[in-house]
Amino acid sequence: MKGDRVEIVVDAGDTTRTYEVVASRAGRRVETAVRRGVVEVSEVTRSGSVVRTARFMATRVLALVEQPVPGEDASERPVTGGLGS
């Protein structure tokens, strides 16, 4: 969904660097995968086409934070109908 984001914190020797991959348009999502010592974070369309990919060595990744778009919980929905209506 638009607004999905993944933050990647990477060890850059004497400091750390933070990168973000964000789903920039409606219908896109962000997917993560760890394969053969490489962390891949990709922005993907509805049809599954990869728009862009960020790759990092898994040994250098300190943190991988997935932040989905906040959805509406059932407890947050307004109550309609009921006894008084």
# chains A, B, ... in the order shown; residues from 1 in each chain; ligands from 1
$ select_by_dssp --residues "chain A" --states "helix (DSSP H, G or I)" --output "list in words"
Ala58, Thr59, Arg60, Ala74, Ser75 and Glu76 of chain A
$ write_last_selection --atoms "N, CA, C and O atoms" --output "compact mmCIF listing (two decimals), in the first residue's frame"
# COMPACT_ATOMS: atom_id res chain seq x y z
N ALA A 58 24.18 -8.89 4.39
CA ALA A 58 23.49 -9.22 5.63
C ALA A 58 24.39 -9.03 6.85
O ALA A 58 23.90 -8.68 7.93
N THR A 59 25.68 -9.22 6.70
CA THR A 59 26.59 -9.07 7.83
C THR A 59 26.71 -7.61 8.27
O THR A 59 27.14 -7.33 9.39
N ARG A 60 26.37 -6.67 7.40
CA ARG A 60 26.46 -5.24 7.72
C ARG A 60 25.15 -4.64 8.21
O ARG A 60 25.12 -3.53 8.72
N ALA A 74 -10.88 -2.80 14.22
CA ALA A 74 -12.31 -2.89 14.51
C ALA A 74 -12.67 -2.03 15.71
O ALA A 74 -13.77 -1.48 15.80
N SER A 75 -11.73 -1.87 16.66
CA SER A 75 -12.00 -1.07 17.85
C SER A 75 -12.04 0.43 17.54
O SER A 75 -12.60 1.20 18.30
N GLU A 76 -11.45 0.85 16.41
CA GLU A 76 -11.41 2.27 16.06
C GLU A 76 -12.55 2.69 15.17
O GLU A 76 -12.76 3.87 14.94
$ residues_around --residues "region 64-71 of chain A" --least-positions-apart "4" --cutoff "9 Å" --atoms "only C-alpha atoms" --output "PyMOL selection string"
chain A and resi 1-10+30+32
$ closest_residue --among "A:Glu31, A:Gly37, A:Asp11, A:Ser24" --to "Thr53 (chain A)" --atoms "only C-alpha atoms"
A:Glu31
$ select_by_dssp --residues "region 13-48 of chain A" --states "strand (DSSP E)" --output "PDB file with N, CA, C and O atoms, in the first residue's frame"
ATOM      1  N   THR A  16      27.016   4.618  11.342  1.00  0.00           N
ATOM      2  CA  THR A  16      25.899   3.869  10.770  1.00  0.00           C
ATOM      3  C   THR A  16      25.185   4.746   9.757  1.00  0.00           C
ATOM      4  O   THR A  16      25.222   5.981   9.847  1.00  0.00           O
ATOM      5  N   ARG A  17      24.556   4.099   8.806  1.00  0.00           N
ATOM      6  CA  ARG A  17      23.764   4.820   7.812  1.00  0.00           C
ATOM      7  C   ARG A  17      22.372   4.221   7.784  1.00  0.00           C
ATOM      8  O   ARG A  17      22.209   3.012   7.925  1.00  0.00           O
ATOM      9  N   THR A  18      21.387   5.084   7.585  1.00  0.00           N
ATOM     10  CA  THR A  18      20.004   4.640   7.530  1.00  0.00           C
ATOM     11  C   THR A  18      19.452   4.883   6.132  1.00  0.00           C
ATOM     12  O   THR A  18      19.603   5.969   5.579  1.00  0.00           O
ATOM     13  N   TYR A  19      18.823   3.859   5.585  1.00  0.00           N
ATOM     14  CA  TYR A  19      18.200   3.947   4.269  1.00  0.00           C
ATOM     15  C   TYR A  19      16.719   3.634   4.421  1.00  0.00           C
ATOM     16  O   TYR A  19      16.321   2.894   5.315  1.00  0.00           O
ATOM     17  N   GLU A  20      15.895   4.204   3.536  1.00  0.00           N
ATOM     18  CA  GLU A  20      14.459   3.934   3.540  1.00  0.00           C
ATOM     19  C   GLU A  20      14.013   3.547   2.141  1.00  0.00           C
ATOM     20  O   GLU A  20      14.441   4.149   1.163  1.00  0.00           O
ATOM     21  N   VAL A  21      13.152   2.545   2.077  1.00  0.00           N
ATOM     22  CA  VAL A  21      12.483   2.193   0.831  1.00  0.00           C
ATOM     23  C   VAL A  21      11.000   2.369   1.112  1.00  0.00           C
ATOM     24  O   VAL A  21      10.467   1.786   2.050  1.00  0.00           O
ATOM     25  N   VAL A  22      10.336   3.204   0.288  1.00  0.00           N
ATOM     26  CA  VAL A  22       8.937   3.564   0.530  1.00  0.00           C
ATOM     27  C   VAL A  22       8.107   3.219  -0.697  1.00  0.00           C
ATOM     28  O   VAL A  22       8.540   3.451  -1.831  1.00  0.00           O
ATOM     29  N   ARG A  29       3.716  -2.068  -2.895  1.00  0.00           N
ATOM     30  CA  ARG A  29       4.076  -2.553  -1.564  1.00  0.00           C
ATOM     31  C   ARG A  29       5.584  -2.732  -1.506  1.00  0.00           C
ATOM     32  O   ARG A  29       6.262  -2.717  -2.524  1.00  0.00           O
ATOM     33  N   VAL A  30       6.088  -2.909  -0.292  1.00  0.00           N
ATOM     34  CA  VAL A  30       7.517  -3.113  -0.089  1.00  0.00           C
ATOM     35  C   VAL A  30       7.710  -4.531   0.447  1.00  0.00           C
ATOM     36  O   VAL A  30       7.044  -4.937   1.387  1.00  0.00           O
ATOM     37  N   GLU A  31       8.592  -5.295  -0.195  1.00  0.00           N
ATOM     38  CA  GLU A  31       8.871  -6.668   0.216  1.00  0.00           C
ATOM     39  C   GLU A  31      10.335  -6.800   0.606  1.00  0.00           C
ATOM     40  O   GLU A  31      11.198  -6.155   0.024  1.00  0.00           O
ATOM     41  N   THR A  32      10.608  -7.653   1.598  1.00  0.00           N
ATOM     42  CA  THR A  32      11.981  -7.914   2.020  1.00  0.00           C
ATOM     43  C   THR A  32      12.300  -9.387   1.826  1.00  0.00           C
ATOM     44  O   THR A  32      11.422 -10.245   1.950  1.00  0.00           O
ATOM     45  N   ALA A  33      13.563  -9.671   1.526  1.00  0.00           N
ATOM     46  CA  ALA A  33      14.023 -11.050   1.368  1.00  0.00           C
ATOM     47  C   ALA A  33      15.483 -11.125   1.785  1.00  0.00           C
ATOM     48  O   ALA A  33      16.253 -10.184   1.565  1.00  0.00           O
ATOM     49  N   VAL A  34      15.842 -12.252   2.396  1.00  0.00           N
ATOM     50  CA  VAL A  34      17.236 -12.497   2.760  1.00  0.00           C
ATOM     51  C   VAL A  34      17.655 -13.760   2.029  1.00  0.00           C
ATOM     52  O   VAL A  34      17.108 -14.833   2.252  1.00  0.00           O
ATOM     53  N   ARG A  35      18.629 -13.618   1.116  1.00  0.00           N
ATOM     54  CA  ARG A  35      19.101 -14.743   0.310  1.00  0.00           C
ATOM     55  C   ARG A  35      20.617 -14.692   0.195  1.00  0.00           C
ATOM     56  O   ARG A  35      21.171 -13.667  -0.169  1.00  0.00           O
ATOM     57  N   VAL A  38      22.568 -11.773   1.468  1.00  0.00           N
ATOM     58  CA  VAL A  38      22.206 -10.458   0.952  1.00  0.00           C
ATOM     59  C   VAL A  38      20.771 -10.147   1.369  1.00  0.00           C
ATOM     60  O   VAL A  38      19.870 -10.979   1.221  1.00  0.00           O
ATOM     61  N   VAL A  39      20.555  -8.948   1.896  1.00  0.00           N
ATOM     62  CA  VAL A  39      19.215  -8.487   2.245  1.00  0.00           C
ATOM     63  C   VAL A  39      18.721  -7.638   1.077  1.00  0.00           C
ATOM     64  O   VAL A  39      19.378  -6.681   0.678  1.00  0.00           O
ATOM     65  N   GLU A  40      17.561  -8.009   0.509  1.00  0.00           N
ATOM     66  CA  GLU A  40      16.967  -7.254  -0.594  1.00  0.00           C
ATOM     67  C   GLU A  40      15.657  -6.639  -0.120  1.00  0.00           C
ATOM     68  O   GLU A  40      14.816  -7.321   0.446  1.00  0.00           O
ATOM     69  N   VAL A  41      15.488  -5.356  -0.385  1.00  0.00           N
ATOM     70  CA  VAL A  41      14.242  -4.657  -0.088  1.00  0.00           C
ATOM     71  C   VAL A  41      13.763  -4.079  -1.408  1.00  0.00           C
ATOM     72  O   VAL A  41      14.471  -3.296  -2.046  1.00  0.00           O
ATOM     73  N   SER A  42      12.555  -4.494  -1.846  1.00  0.00           N
ATOM     74  CA  SER A  42      12.059  -4.121  -3.173  1.00  0.00           C
ATOM     75  C   SER A  42      10.699  -3.453  -3.095  1.00  0.00           C
ATOM     76  O   SER A  42       9.851  -3.843  -2.291  1.00  0.00           O
ATOM     77  N   GLU A  43      10.502  -2.461  -3.958  1.00  0.00           N
ATOM     78  CA  GLU A  43       9.180  -1.867  -4.149  1.00  0.00           C
ATOM     79  C   GLU A  43       8.541  -2.604  -5.314  1.00  0.00           C
ATOM     80  O   GLU A  43       9.134  -2.703  -6.391  1.00  0.00           O
ATOM     81  N   VAL A  44       7.338  -3.147  -5.097  1.00  0.00           N
ATOM     82  CA  VAL A  44       6.703  -4.036  -6.063  1.00  0.00           C
ATOM     83  C   VAL A  44       5.316  -3.507  -6.411  1.00  0.00           C
ATOM     84  O   VAL A  44       4.583  -3.027  -5.540  1.00  0.00           O
TER      85      VAL A  44
END
$ atom_distance --atom1 "CA of Leu62 (chain A)" --atom2 "CA of Ala23 (chain A)"
22.1 Å
$ atom_distance --atom1 "CA of Arg28 (chain A)" --atom2 "CA of Arg55 (chain A)"
18.7 Å
$ atom_distance --atom1 "CA of Ala12 (chain A)" --atom2 "CA of Arg52 (chain A)"
22.2 Å
